[in-house]
Amino acid sequence: VVNRLLVWSLEVSKDARRGDRIEVLFSPAPPGGSGPTHSLEPVVEAVSGTVVSARHTTVSAKILARIEDVKVRAGSEVAVGDVLVVLDARDLEAQAREAEQTRTAARSQLDRASRERDRTQELFKQGVAARRDLDRVLSAFQVAAAEVERAEQHLRDAEVSHSHGEIRSPVAGRVVDRLAEPGDTASPGVPLLRIYDPSVLRLEAAVRESLAQHLSVGQRVSVFIEATSERSDGEIEEISYCHCSQCRKAHGAPFAAVSPVATDRLEFVAGTE
């Protein structure tokens with residue numbers, strides 16, 4: 001069994017909340033081509049869906065560290081750059097200080113190698129220093145310069161790692177899930193918060209495959225939001241397949257299909273009503 005996920009773009013009332021139950025009514029488009037016309041009403045089927053944000057972001061840490069503070073809660077409004085989570089950065093600070101000290105020592109060594117190079121080059125021009133002495137100081141200068149470059153790169157990496165001690169919001173929006181608390185350990189890639197943009201909402205609903213075959217991108221549908229008792233029209237902007245076990249398990253359960261039947265062709269085969 002294959003389900004499809006339909007996504008509508010529609011204008012949703014500001015009173016609508018994420019996760020509100022909605023009802024979608026749509027009529028499959030009749031097949032093209034010429035032929036006799038019929039007076040039967042179009043098939044209408046209702047399915048349930050969820051109002052979600054079209055833009056949502058999962059926030060996670062880039063380093064392994066203990067969480068010292070979480071600045072926001074579910075429902076908090078955030079702007080780009082706001083501090084969301086503070087991690088224990090003492091180890092990172094120590095690494096940054098050590099890297100800075102290493103760079104200072106490397107620069108000092110380079111200064112000595114530079115002075116020795118200049119002095120030996122002058123003596124070589126005067127014929128006092130041997131060629132091998134000049135080669136030795138030139139090699140020492142190149143090694144010292146390489147050490148400085150390596151120390152500076154190590155310091156830059158340490159500073160970047162230290163900046164990861166504060167997790168800032170990459171987008172503006174509203175926090176909908178707070179998945180970690182102070183004292184927890186943050187791991188790279190493990191979600192800590194979820195943020196969505198409430199200004200751009202859409203409706204997602206699962207329909208059976210036989211019905212999805214009659215739908216197309218751009219088709220208009222009728223939408224009813226139960227929480228606000230609001231009806232609106234939307235447009236299908238995406239149709240995607242879903243093979244997950246959850247969709248297969250729920251197949252057919254949330255749907256209520258209605259189809260017209262001519263009474264003169266209806267015959268009861270069991271029961272009295």
# chains A, B, ... in the order shown; residues from 1 in each chain; ligands from 1

call {"tool": "residues_around", "arguments": {"residues": "segment 184-196 of chain A", "least_positions_apart": "5", "cutoff": "9 Å", "atoms": "only C-alpha atoms", "output": "PyMOL selection string"}}
result
chain A and resi 52-68+73-74+78+84-85+87+169+171-179

call {"tool": "select_by_dssp", "arguments": {"residues": "segment 68-239 of chain A", "states": "helix (DSSP H, G or I)", "output": "PyMOL selection string"}}
result
chain A and resi 90-125+131-163+209-212

call {"tool": "select_by_dssp", "arguments": {"residues": "segment 96-245 of chain A", "states": "strand (DSSP E)", "output": "PyMOL selection string"}}
result
chain A and resi 166-168+173-178+185-186+191-196+201-208+220-225+230-242

call {"tool": "write_last_selection", "arguments": {"atoms": "N, CA and C atoms", "output": "short mmCIF file (atom, residue, chain, number, x, y, z; two decimals), in the first residue's frame"}}
result
data_model
loop_
_atom_site.label_atom_id
_atom_site.label_comp_id
_atom_site.auth_asym_id
_atom_site.auth_seq_id
_atom_site.Cartn_x
_atom_site.Cartn_y
_atom_site.Cartn_z
N GLU A 166 28.05 29.02 22.66
CA GLU A 166 26.75 29.69 22.64
C GLU A 166 26.05 29.32 21.33
N ILE A 167 24.89 28.73 21.45
CA ILE A 167 24.10 28.36 20.28
C ILE A 167 23.10 29.47 20.01
N ARG A 168 23.21 30.08 18.85
CA ARG A 168 22.35 31.21 18.49
C ARG A 168 21.33 30.80 17.44
N GLY A 173 11.64 33.28 14.29
CA GLY A 173 10.43 32.46 14.35
C GLY A 173 10.00 32.21 15.78
N ARG A 174 9.32 31.10 15.98
CA ARG A 174 8.79 30.74 17.29
C ARG A 174 9.29 29.35 17.68
N VAL A 175 9.71 29.21 18.92
CA VAL A 175 10.16 27.90 19.43
C VAL A 175 8.93 27.04 19.68
N VAL A 176 8.90 25.85 19.09
CA VAL A 176 7.75 24.96 19.26
C VAL A 176 8.09 23.73 20.09
N ASP A 177 9.36 23.36 20.17
CA ASP A 177 9.76 22.20 20.96
C ASP A 177 11.06 22.52 21.70
N ARG A 178 11.06 22.28 23.00
CA ARG A 178 12.28 22.38 23.80
C ARG A 178 12.63 20.96 24.24
N THR A 185 23.58 16.61 28.45
CA THR A 185 24.76 16.67 27.60
C THR A 185 24.33 16.86 26.16
N ALA A 186 24.82 17.92 25.54
CA ALA A 186 24.53 18.19 24.13
C ALA A 186 25.53 17.45 23.26
N PRO A 191 18.94 16.99 18.25
CA PRO A 191 18.09 18.20 18.36
C PRO A 191 17.95 18.69 19.79
N LEU A 192 18.07 20.00 19.95
CA LEU A 192 17.84 20.66 21.24
C LEU A 192 16.56 21.48 21.22
N LEU A 193 16.30 22.15 20.11
CA LEU A 193 15.12 22.99 19.96
C LEU A 193 14.60 22.85 18.54
N ARG A 194 13.32 23.16 18.37
CA ARG A 194 12.74 23.26 17.03
C ARG A 194 12.05 24.61 16.91
N ILE A 195 12.34 25.29 15.81
CA ILE A 195 11.79 26.63 15.56
C ILE A 195 11.03 26.60 14.24
N TYR A 196 9.87 27.26 14.21
CA TYR A 196 9.16 27.38 12.94
C TYR A 196 8.71 28.81 12.74
N LEU A 201 2.40 29.33 6.79
CA LEU A 201 1.79 28.06 7.17
C LEU A 201 1.27 27.31 5.95
N ARG A 202 1.20 26.01 6.07
CA ARG A 202 0.63 25.19 5.02
C ARG A 202 -0.06 23.99 5.66
N LEU A 203 -0.85 23.31 4.86
CA LEU A 203 -1.60 22.15 5.32
C LEU A 203 -1.01 20.89 4.70
N GLU A 204 -0.79 19.87 5.52
CA GLU A 204 -0.30 18.58 5.04
C GLU A 204 -1.33 17.51 5.40
N ALA A 205 -1.67 16.66 4.45
CA ALA A 205 -2.64 15.60 4.68
C ALA A 205 -2.25 14.37 3.86
N ALA A 206 -2.51 13.19 4.42
CA ALA A 206 -2.23 11.93 3.72
C ALA A 206 -3.51 11.42 3.09
N VAL A 207 -3.44 11.00 1.83
CA VAL A 207 -4.60 10.44 1.13
C VAL A 207 -4.20 9.12 0.50
N ARG A 208 -5.18 8.30 0.22
CA ARG A 208 -4.89 7.01 -0.40
C ARG A 208 -4.46 7.21 -1.84
N ARG A 220 -7.44 23.32 -6.89
CA ARG A 220 -8.02 24.02 -5.75
C ARG A 220 -8.76 23.03 -4.86
N VAL A 221 -8.68 23.24 -3.53
CA VAL A 221 -9.38 22.40 -2.57
C VAL A 221 -10.02 23.30 -1.52
N SER A 222 -11.04 22.76 -0.85
CA SER A 222 -11.71 23.48 0.23
C SER A 222 -11.16 23.01 1.56
N VAL A 223 -10.84 23.95 2.45
CA VAL A 223 -10.20 23.64 3.73
C VAL A 223 -11.06 24.17 4.86
N PHE A 224 -11.23 23.34 5.90
CA PHE A 224 -11.97 23.74 7.10
C PHE A 224 -11.06 23.53 8.31
N ILE A 225 -10.84 24.61 9.09
CA ILE A 225 -10.02 24.54 10.30
C ILE A 225 -10.96 24.47 11.48
N GLU A 230 -13.16 28.02 10.60
CA GLU A 230 -12.88 28.83 9.42
C GLU A 230 -12.80 27.95 8.18
N ARG A 231 -13.43 28.38 7.11
CA ARG A 231 -13.34 27.70 5.82
C ARG A 231 -12.54 28.58 4.86
N SER A 232 -11.74 27.92 4.04
CA SER A 232 -10.90 28.66 3.11
C SER A 232 -10.62 27.78 1.91
N ASP A 233 -10.12 28.38 0.86
CA ASP A 233 -9.70 27.64 -0.33
C ASP A 233 -8.19 27.59 -0.38
N GLY A 234 -7.65 26.47 -0.78
CA GLY A 234 -6.21 26.31 -0.91
C GLY A 234 -5.86 25.72 -2.26
N GLU A 235 -4.58 25.64 -2.53
CA GLU A 235 -4.09 25.12 -3.79
C GLU A 235 -3.01 24.07 -3.52
N ILE A 236 -3.13 22.91 -4.13
CA ILE A 236 -2.14 21.85 -3.95
C ILE A 236 -0.82 22.30 -4.58
N GLU A 237 0.24 22.34 -3.77
CA GLU A 237 1.54 22.77 -4.28
C GLU A 237 2.56 21.63 -4.33
N GLU A 238 2.23 20.49 -3.71
CA GLU A 238 3.19 19.39 -3.71
C GLU A 238 2.46 18.07 -3.47
N ILE A 239 2.83 17.03 -4.20
CA ILE A 239 2.32 15.68 -4.00
C ILE A 239 3.54 14.76 -3.91
N SER A 240 3.70 14.08 -2.78
CA SER A 240 4.86 13.23 -2.60
C SER A 240 4.44 11.87 -2.07
N TYR A 241 5.20 10.84 -2.44
CA TYR A 241 4.94 9.48 -1.97
C TYR A 241 5.46 9.31 -0.54
N CYS A 242 4.79 8.46 0.21
CA CYS A 242 5.25 8.14 1.56
C CYS A 242 5.11 6.63 1.76
#

call {"tool": "residues_around", "arguments": {"residues": "segment 104-115 of chain A", "least_positions_apart": "3", "cutoff": "9 Å", "atoms": "only C-alpha atoms", "output": "short mmCIF file (atom, residue, chain, number, x, y, z; two decimals) with N, CA, C and O atoms, in the first residue's frame"}}
result
data_model
loop_
_atom_site.label_atom_id
_atom_site.label_comp_id
_atom_site.auth_asym_id
_atom_site.auth_seq_id
_atom_site.Cartn_x
_atom_site.Cartn_y
_atom_site.Cartn_z
N ALA A 99 46.25 27.78 22.67
CA ALA A 99 46.57 28.04 21.27
C ALA A 99 47.18 29.42 21.10
O ALA A 99 48.11 29.61 20.28
N GLU A 100 46.70 30.41 21.84
CA GLU A 100 47.26 31.75 21.75
C GLU A 100 48.69 31.80 22.28
O GLU A 100 49.56 32.46 21.69
N GLN A 101 48.97 31.07 23.36
CA GLN A 101 50.32 31.01 23.90
C GLN A 101 51.27 30.31 22.92
O GLN A 101 52.42 30.73 22.75
N ASP A 118 69.23 37.24 8.63
CA ASP A 118 69.78 38.50 8.12
C ASP A 118 71.28 38.63 8.45
O ASP A 118 72.08 39.06 7.61
N ARG A 119 71.66 38.25 9.68
CA ARG A 119 73.06 38.36 10.08
C ARG A 119 73.95 37.42 9.25
O ARG A 119 75.03 37.81 8.78
N THR A 120 73.48 36.19 9.05
CA THR A 120 74.29 35.22 8.30
C THR A 120 74.40 35.60 6.83
O THR A 120 75.44 35.40 6.19
N VAL A 137 70.56 28.47 8.39
CA VAL A 137 69.70 29.51 8.95
C VAL A 137 68.48 29.76 8.06
O VAL A 137 67.39 30.08 8.56
N LEU A 138 68.67 29.60 6.74
CA LEU A 138 67.50 29.75 5.86
C LEU A 138 66.48 28.65 6.10
O LEU A 138 65.27 28.90 6.12
N ALA A 140 66.10 27.03 8.96
CA ALA A 140 65.51 27.28 10.27
C ALA A 140 64.44 28.36 10.18
O ALA A 140 63.40 28.29 10.86
N PHE A 141 64.66 29.37 9.34
CA PHE A 141 63.68 30.43 9.16
C PHE A 141 62.40 29.88 8.54
O PHE A 141 61.28 30.23 8.96
N GLN A 142 62.53 29.02 7.53
CA GLN A 142 61.35 28.45 6.88
C GLN A 142 60.55 27.57 7.86
O GLN A 142 59.32 27.59 7.86
N VAL A 143 61.27 26.81 8.69
CA VAL A 143 60.59 25.98 9.68
C VAL A 143 59.84 26.85 10.69
O VAL A 143 58.69 26.57 11.05
N ALA A 144 60.46 27.94 11.13
CA ALA A 144 59.82 28.83 12.09
C ALA A 144 58.58 29.50 11.49
O ALA A 144 57.55 29.67 12.16
N ALA A 145 58.67 29.88 10.21
CA ALA A 145 57.52 30.49 9.54
C ALA A 145 56.36 29.50 9.43
O ALA A 145 55.19 29.86 9.62
N GLU A 147 55.80 27.02 11.47
CA GLU A 147 55.26 26.83 12.81
C GLU A 147 54.29 27.96 13.18
O GLU A 147 53.26 27.72 13.82
N VAL A 148 54.63 29.19 12.78
CA VAL A 148 53.73 30.31 13.05
C VAL A 148 52.40 30.12 12.31
O VAL A 148 51.32 30.33 12.88
N GLU A 149 52.48 29.72 11.07
CA GLU A 149 51.25 29.51 10.29
C GLU A 149 50.40 28.41 10.91
O GLU A 149 49.17 28.54 10.99
N ALA A 151 50.42 27.47 14.08
CA ALA A 151 49.90 27.95 15.36
C ALA A 151 48.71 28.89 15.15
O ALA A 151 47.73 28.86 15.92
#
